[in-house]
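K.L.:
Just model.txt, nothing more (compact mmCIF, C-alpha atoms):
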# COMPACT_ATOMS: atom_id res chain seq x y z
CA MET A 1 0.00 0.00 0.00
CA PRO A 2 1.49 3.36 -0.99
CA SER A 3 1.75 6.05 1.64
CA LEU A 4 0.28 9.46 0.92
CA THR A 5 3.85 10.68 0.33
CA ASP A 6 4.45 7.85 -2.16
CA ALA A 7 1.22 8.62 -4.01
CA ARG A 8 2.10 12.30 -4.28
CA ALA A 9 5.61 11.50 -5.52
CA SER A 10 4.22 9.17 -8.18
CA ASN A 11 1.67 11.76 -9.30
CA ALA A 12 4.31 14.48 -9.44
CA ALA A 13 6.40 12.30 -11.75
CA PHE A 14 3.70 12.29 -14.42
CA SER A 15 5.03 14.45 -17.23
CA PRO A 16 3.56 13.57 -20.63
CA PRO A 17 5.10 14.96 -23.84
CA TYR A 18 1.71 16.29 -24.90
CA THR A 19 -1.00 18.49 -23.35
CA PRO A 20 -3.62 16.14 -21.88
CA VAL A 21 -7.36 16.66 -22.10
CA ALA A 22 -9.24 15.70 -18.92
CA VAL A 23 -13.00 15.57 -18.44
CA PHE A 24 -14.42 15.38 -14.91
CA VAL A 25 -18.09 14.49 -14.62
CA GLY A 26 -19.00 15.61 -11.12
CA GLY A 27 -15.98 17.86 -10.79
CA THR A 28 -17.70 20.86 -9.19
CA SER A 29 -17.19 19.58 -5.64
CA GLY A 30 -15.77 16.78 -3.54
CA ILE A 31 -13.24 14.26 -4.84
CA GLY A 32 -13.70 15.15 -8.52
CA GLU A 33 -12.91 18.79 -7.84
CA ALA A 34 -9.89 17.86 -5.72
CA MET A 35 -8.59 15.53 -8.44
CA ALA A 36 -8.96 18.21 -11.11
CA LYS A 37 -7.01 20.66 -8.96
CA ALA A 38 -4.27 18.15 -8.13
CA LEU A 39 -3.76 17.00 -11.73
CA THR A 40 -3.63 20.57 -13.02
CA SER A 41 -1.15 21.53 -10.32
CA TYR A 42 1.17 18.60 -11.01
CA LEU A 43 1.19 19.49 -14.70
CA GLY A 44 1.98 23.11 -14.00
CA GLY A 45 -1.28 24.19 -15.58
CA ASN A 46 -0.56 22.36 -18.83
CA LEU A 47 -3.93 20.63 -18.97
CA HIS A 48 -7.08 21.20 -20.99
CA LEU A 49 -9.72 20.81 -18.29
CA PHE A 50 -13.45 20.29 -18.77
CA ILE A 51 -15.83 20.04 -15.83
CA VAL A 52 -19.27 18.60 -16.46
CA GLY A 53 -21.97 19.33 -13.90
CA ARG A 54 -24.77 21.66 -12.86
CA ASN A 55 -22.97 24.35 -10.85
CA GLN A 56 -21.09 26.73 -13.11
CA ALA A 57 -20.24 29.11 -10.25
CA ALA A 58 -18.42 26.29 -8.44
CA ALA A 59 -16.57 25.31 -11.62
CA ASP A 60 -15.54 28.92 -12.28
CA LYS A 61 -14.21 29.16 -8.73
CA THR A 62 -12.16 26.01 -9.31
CA PHE A 63 -10.80 27.31 -12.62
CA ALA A 64 -9.79 30.61 -11.02
CA SER A 65 -7.72 28.79 -8.40
CA LEU A 66 -5.66 26.78 -10.90
CA PRO A 67 -2.30 27.47 -12.52
CA ARG A 68 -2.66 28.06 -16.24
CA ALA A 69 -0.25 27.43 -19.09
CA GLU A 70 -0.54 29.42 -22.29
CA GLY A 71 -3.22 28.24 -24.70
CA VAL A 72 -4.98 25.73 -22.45
CA LYS A 73 -8.74 25.49 -22.13
CA ARG A 74 -10.77 25.63 -18.93
CA GLU A 75 -14.43 25.03 -19.70
CA PHE A 76 -17.61 24.16 -17.87
CA VAL A 77 -20.24 22.06 -19.63
CA TYR A 78 -23.69 22.01 -18.08
CA CYS A 79 -25.48 18.67 -17.81
CA ASP A 80 -28.39 17.36 -15.78
CA ALA A 81 -27.14 13.78 -15.88
CA PHE A 82 -30.36 12.29 -14.53
CA LEU A 83 -31.61 12.12 -18.12
CA MET A 84 -29.87 10.00 -20.75
CA ARG A 85 -30.92 12.35 -23.54
CA ASN A 86 -29.16 15.18 -21.73
CA ILE A 87 -25.97 13.14 -21.60
CA VAL A 88 -26.15 12.47 -25.34
CA ALA A 89 -26.59 16.19 -26.05
CA THR A 90 -23.81 17.16 -23.63
CA CYS A 91 -21.35 14.72 -25.15
CA GLU A 92 -22.14 15.94 -28.67
CA GLU A 93 -21.46 19.51 -27.55
CA LEU A 94 -18.32 18.47 -25.70
CA LYS A 95 -16.90 16.76 -28.78
CA THR A 96 -17.03 20.06 -30.66
CA ARG A 97 -15.04 21.82 -27.92
CA LEU A 98 -12.28 19.30 -27.25
CA PRO A 99 -8.77 20.38 -28.34
CA GLY A 100 -7.57 17.87 -30.90
CA GLY A 101 -10.89 16.04 -30.72
CA LYS A 102 -9.60 13.74 -27.98
CA ILE A 103 -9.95 12.83 -24.31
CA ASN A 104 -7.03 11.39 -22.35
CA PHE A 105 -8.71 11.09 -18.96
CA LEU A 106 -12.42 10.67 -18.25
CA VAL A 107 -13.31 10.66 -14.54
CA LEU A 108 -16.85 9.85 -13.39
CA SER A 109 -17.58 10.77 -9.78
CA ALA A 110 -21.02 12.41 -9.76
CA GLY A 111 -22.72 11.67 -6.46
CA TYR A 112 -26.31 11.30 -5.32
CA PHE A 113 -27.77 9.51 -2.31
CA ARG A 114 -31.29 9.39 -0.97
CA ILE A 115 -32.81 6.78 1.34
CA THR A 116 -36.26 6.64 -0.22
CA GLY A 117 -38.38 4.38 -2.32
CA ARG A 118 -38.04 4.19 -6.08
CA ASP A 119 -37.84 7.70 -7.53
CA GLU A 120 -38.07 7.65 -11.32
CA THR A 121 -36.93 10.19 -13.85
CA GLU A 122 -39.24 11.06 -16.73
CA GLU A 123 -37.35 8.42 -18.72
CA GLY A 124 -38.51 5.74 -16.27
CA LEU A 125 -35.18 5.07 -14.56
CA ASP A 126 -34.59 5.19 -10.82
CA LYS A 127 -32.51 8.24 -9.88
CA LEU A 128 -30.16 6.37 -7.55
CA LEU A 129 -29.45 3.77 -10.24
CA VAL A 130 -28.97 6.54 -12.79
CA MET A 131 -26.24 8.29 -10.79
CA ARG A 132 -24.52 5.10 -9.70
CA TYR A 133 -24.61 3.25 -13.02
CA TYR A 134 -26.68 4.37 -16.03
CA CYS A 135 -25.13 7.83 -16.41
CA ARG A 136 -21.61 6.40 -16.15
CA PHE A 137 -22.30 3.79 -18.80
CA LYS A 138 -23.78 6.45 -21.08
CA PHE A 139 -20.93 8.95 -20.73
CA ILE A 140 -18.38 6.25 -21.53
CA SER A 141 -20.39 4.95 -24.48
CA GLU A 142 -20.80 8.42 -25.99
CA LEU A 143 -17.18 9.48 -25.45
CA LEU A 144 -15.40 6.31 -26.53
CA PRO A 145 -14.65 7.69 -30.02
CA VAL A 146 -12.63 10.60 -28.61
CA LEU A 147 -10.84 8.31 -26.15
CA GLN A 148 -9.93 6.18 -29.18
CA VAL A 149 -8.39 9.25 -30.83
CA ALA A 150 -6.01 9.67 -27.89
CA LYS A 151 -5.12 5.98 -27.94
CA GLU A 152 -4.41 6.00 -31.66
CA ARG A 153 -1.99 8.90 -31.15
CA GLY A 154 -0.04 6.84 -28.64
CA GLU A 155 -1.25 8.96 -25.71
CA ASP A 156 -2.87 8.01 -22.43
CA ALA A 157 -6.52 7.01 -22.73
CA ARG A 158 -8.16 6.09 -19.44
CA VAL A 159 -11.54 6.02 -17.77
CA MET A 160 -12.21 6.00 -14.03
CA THR A 161 -15.56 5.33 -12.39
CA MET A 162 -15.52 6.11 -8.68
CA LEU A 163 -18.00 4.19 -6.57
CA GLY A 164 -17.11 0.98 -4.73
CA THR A 165 -15.65 -2.28 -5.88
CA GLY A 166 -14.94 -5.83 -4.80
CA MET A 167 -18.46 -6.64 -3.57
CA THR A 168 -18.56 -10.03 -5.26
CA ASP A 169 -21.07 -11.39 -2.74
CA VAL A 170 -23.85 -8.95 -3.70
CA PRO A 171 -26.56 -11.00 -5.47
CA VAL A 172 -27.79 -9.70 -8.82
CA ASP A 173 -31.12 -10.60 -10.38
CA ARG A 174 -30.42 -10.75 -14.11
CA GLU A 175 -34.15 -10.70 -14.80
CA ASP A 176 -34.58 -7.42 -12.92
CA LEU A 177 -31.42 -5.37 -13.38
CA GLY A 178 -33.44 -2.14 -13.34
CA MET A 179 -35.11 -3.18 -10.06
CA ARG A 180 -38.63 -2.56 -11.30
CA LYS A 181 -40.08 -5.71 -9.74
CA LYS A 182 -38.45 -5.49 -6.33
CA TYR A 183 -36.89 -2.25 -5.15
CA ARG A 184 -35.02 -1.59 -1.93
CA PHE A 185 -32.79 1.44 -1.53
CA TRP A 186 -29.89 -0.67 -0.21
CA ASN A 187 -30.07 -2.82 -3.34
CA ALA A 188 -30.09 0.30 -5.51
CA ALA A 189 -27.04 1.51 -3.59
CA LEU A 190 -25.03 -1.74 -3.59
CA LYS A 191 -25.87 -3.57 -6.82
CA PRO A 192 -24.49 -0.83 -9.08
CA VAL A 193 -21.09 -1.66 -7.56
CA VAL A 194 -21.29 -5.02 -9.31
CA TYR A 195 -22.72 -3.37 -12.44
CA ASN A 196 -19.69 -1.04 -12.59
CA ASP A 197 -17.27 -3.96 -12.23
CA VAL A 198 -18.91 -5.79 -15.13
CA MET A 199 -19.14 -2.57 -17.14
CA ILE A 200 -15.43 -1.75 -17.06
CA GLU A 201 -14.46 -5.36 -17.80
CA GLU A 202 -16.68 -5.49 -20.87
CA TYR A 203 -15.67 -2.04 -22.11
CA ALA A 204 -12.01 -3.05 -21.77
CA LYS A 205 -12.56 -6.24 -23.78
CA GLN A 206 -14.23 -4.27 -26.56
CA ASN A 207 -11.70 -1.41 -26.53
CA PRO A 208 -8.16 -2.75 -26.21
CA GLY A 209 -5.61 -0.04 -25.52
CA ILE A 210 -7.90 2.02 -23.29
CA GLY A 211 -7.58 1.66 -19.52
CA PHE A 212 -10.69 1.32 -17.36
CA VAL A 213 -10.61 1.64 -13.57
CA HIS A 214 -13.35 1.11 -11.00
CA ILE A 215 -12.23 2.45 -7.64
CA TYR A 216 -13.55 2.74 -4.10
CA PRO A 217 -12.72 6.16 -2.65
CA GLY A 218 -13.17 5.18 0.99
CA VAL A 219 -14.83 7.26 3.70
CA VAL A 220 -14.51 10.86 2.54
CA TYR A 221 -16.03 14.14 3.69
CA THR A 222 -17.90 15.31 0.57
CA PRO A 223 -21.28 17.00 -0.12
CA ALA A 224 -22.70 13.47 -0.49
CA VAL A 225 -22.33 13.11 3.27
CA ASN A 226 -24.85 15.92 3.76
CA GLN A 227 -27.18 14.21 1.29
CA LEU A 228 -26.96 11.08 3.42
CA TYR A 229 -27.82 12.92 6.65
CA GLU A 230 -30.68 14.77 4.98
CA SER A 231 -32.17 11.53 3.66
CA LEU A 232 -32.42 9.89 7.09
CA TRP A 233 -35.98 9.95 8.38
CA GLY A 234 -38.16 8.27 11.02
CA PRO A 235 -36.43 5.32 12.72
CA LEU A 236 -33.46 5.73 10.39
CA MET A 237 -32.56 8.90 12.30
CA LEU A 238 -31.22 6.55 14.97
CA LEU A 239 -28.40 5.71 12.56
CA ALA A 240 -27.18 9.31 12.35
CA PRO A 241 -24.85 9.10 15.41
CA LEU A 242 -23.28 5.90 14.05
CA VAL A 243 -22.75 7.46 10.63
CA ARG A 244 -21.17 10.54 12.19
CA LEU A 245 -18.92 8.35 14.35
CA LYS A 246 -17.74 6.40 11.31
CA PHE A 247 -16.80 9.60 9.49
CA TRP A 248 -15.13 10.99 12.60
CA LEU A 249 -13.03 7.84 13.06
CA TYR A 250 -12.20 6.97 9.46
CA GLY A 251 -13.09 9.93 7.25
CA ILE A 252 -10.49 11.81 5.24
CA GLN A 253 -10.63 15.06 3.28
CA PRO A 254 -11.23 15.07 -0.50
CA GLU A 255 -7.72 16.44 -1.11
CA GLU A 256 -6.09 13.40 0.49
CA CYS A 257 -8.41 10.97 -1.25
CA ALA A 258 -7.73 12.69 -4.58
CA GLU A 259 -4.03 11.84 -4.37
CA TYR A 260 -4.80 8.13 -4.17
CA MET A 261 -7.43 8.34 -6.90
CA LEU A 262 -4.97 10.17 -9.14
CA TYR A 263 -2.31 7.59 -8.32
CA ALA A 264 -4.65 4.88 -9.63
CA LEU A 265 -5.62 6.89 -12.72
CA LEU A 266 -2.01 7.51 -13.74
CA ASP A 267 -0.64 4.08 -12.79
CA ARG A 268 1.47 2.80 -15.69
CA ALA A 269 1.12 -0.80 -14.48
CA LYS A 270 -2.37 -0.86 -15.99
CA GLU A 271 -2.06 1.29 -19.10
CA SER A 272 -4.80 -0.69 -20.80
CA GLY A 273 -7.30 -3.34 -19.81
CA TRP A 274 -9.29 -2.98 -16.60
CA SER A 275 -8.63 -2.96 -12.90
CA ARG A 276 -10.51 -2.70 -9.64
CA ARG A 277 -8.83 -0.54 -7.01
CA ASP A 278 -9.17 0.10 -3.30
CA GLU A 279 -9.10 3.45 -1.51
CA HIS A 280 -5.30 3.58 -1.72
CA GLY A 281 -5.20 2.92 -5.46
CA MET A 282 -4.05 -0.68 -5.07
CA THR A 283 -5.27 -3.34 -7.49
CA LEU A 284 -7.73 -5.85 -6.05
CA GLY A 285 -7.66 -9.50 -7.04
In structure tokens, what does this structure look like?
P.N.:
Amino acid sequence: MPSLTDARASNAAFSPPYTPVAVFVGGTSGIGEAMAKALTSYLGGNLHLFIVGRNQAAADKTFASLPRAEGVKREFVYCDAFLMRNIVATCEELKTRLPGGKINFLVLSAGYFRITGRDETEEGLDKLLVMRYYCRFKFISELLPVLQVAKERGEDARVMTMLGTGMTDVPVDREDLGMRKKYRFWNAALKPVVYNDVMIEEYAKQNPGIGFVHIYPGVVYTPAVNQLYESLWGPLMLLAPLVRLKFWLYGIQPEECAEYMLYALLDRAKESGWSRRDEHGMTLG
């Protein structure tokens, strides 16, 4: 397991001979924002950075805090990722704005958590499943052609989905993957972990030369924590002290987590293919 110092040293050593293009979906706060800041800093501002989300003011604040090399782009792209049609439109717009028509790093970390019953979008998909699986699948699917461009130029081409991994004992009903027949919020929270594992494995098989990573970020103080507290109701309020205790004992700040996530994203040991990683960026069996 790398120490935080080791992770930072490895990240600082990343020095590509080209100007990378990075897209962060969910980069307006939390771990995604911290990763975007860290990567830009390590590259001395020599990074074309695109943040996809709903809060332009937050993205602009992030951009203003970053070092900037001459000629690089810093752009916010609005997307309400609860709807698949919005993702398609956003990706089409994004493709027209990408320098060199490529993406080197695609990071998916958009968060959403509510302890409720099934809550469908107008497209008929449960919102928790959308944020934890469907939207990630769709962004990758739509942006694969521009990841391929980077790969064909001999540059880095990698995708990271940040959720949780290694839960091989979570049962999956193949006849009800969308959980329309039997819905429980804990199933909607946990089963997408398995879905993401399968997703990156299959995408890697179909797209040799592109690296796909599914990683567990650990216990991190992000805005999603507030969503969790706000969603507790009735008897579930009794869990609030336990949740707070867990974060007090084990929680880390997004900036620390981002170093390990970046370590996994830039790891040359898995330039292509797929890997599942723990909260320290280490490969799981």
K.L.:
With only C-alpha atoms as the atoms that count, which of A:Arg184, A:Arg54, A:Arg174, A:Arg97 lies nearest to Arg118 of chain A?
P.N.:
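Of A:Arg184, A:Arg54, A:Arg174, A:Arg97, the one nearest Arg118 of chain A, counting only C-alpha atoms, is A:Arg184.
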K.L.:
Between A:Ala7, A:Val72, A:Met282, A:Ala12, single out the one closest to Thr165 of chain A, counting all atoms listed in the file.
P.N.:
A:Met282
K.L.:
Enter the distance from atom CA of Leu143 of chain A to atom CA of Lys205 of chain A, in Å, rounded to one decimal.
P.N.:
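Answer for the atom CA of Leu143 of chain A to atom CA of Lys205 of chain A separation: 16.5 Å.
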K.L.:
What gap, in Å, lies between atom CA of Glu255 of chain A and atom CA of Ala34 of chain A?
P.N.:
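Separating atom CA of Glu255 of chain A from atom CA of Ala34 of chain A is a distance of 5.3 Å.
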K.L.:
Counting only C-alpha atoms, what is within 10 Å of Leu125 of chain A, bar same-chain residues fewer than 4 positions away, as a ChimeraX atom specification?
P.N.:
/A:82-84,118-121,129-130,134,178-180
K.L.:
Rank nothing, just name the residue among A:Leu66, A:Ile252, A:Leu177, A:Val52 nearest to Asp126 of chain A, using all atoms listed in the file.
P.N.:
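Ranking A:Leu66, A:Ile252, A:Leu177, A:Val52 by distance to Asp126 of chain A, first place goes to A:Leu177.
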K.L.:
Please determine, counting only C-alpha atoms, which residue among A:Glu33, A:Val25, A:Cys91, A:Tyr42 has the shortest atom-to-atom distance to Ala9 of chain A.
P.N.:
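Of the candidates, the smallest distance to Ala9 of chain A is held by A:Tyr42.
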K.L.:
Quick one: distance from atom CA of Ala22 of chain A to atom CA of Leu190 of chain A in Å, one decimal?
P.N.:
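So the answer is 28.1 Å.
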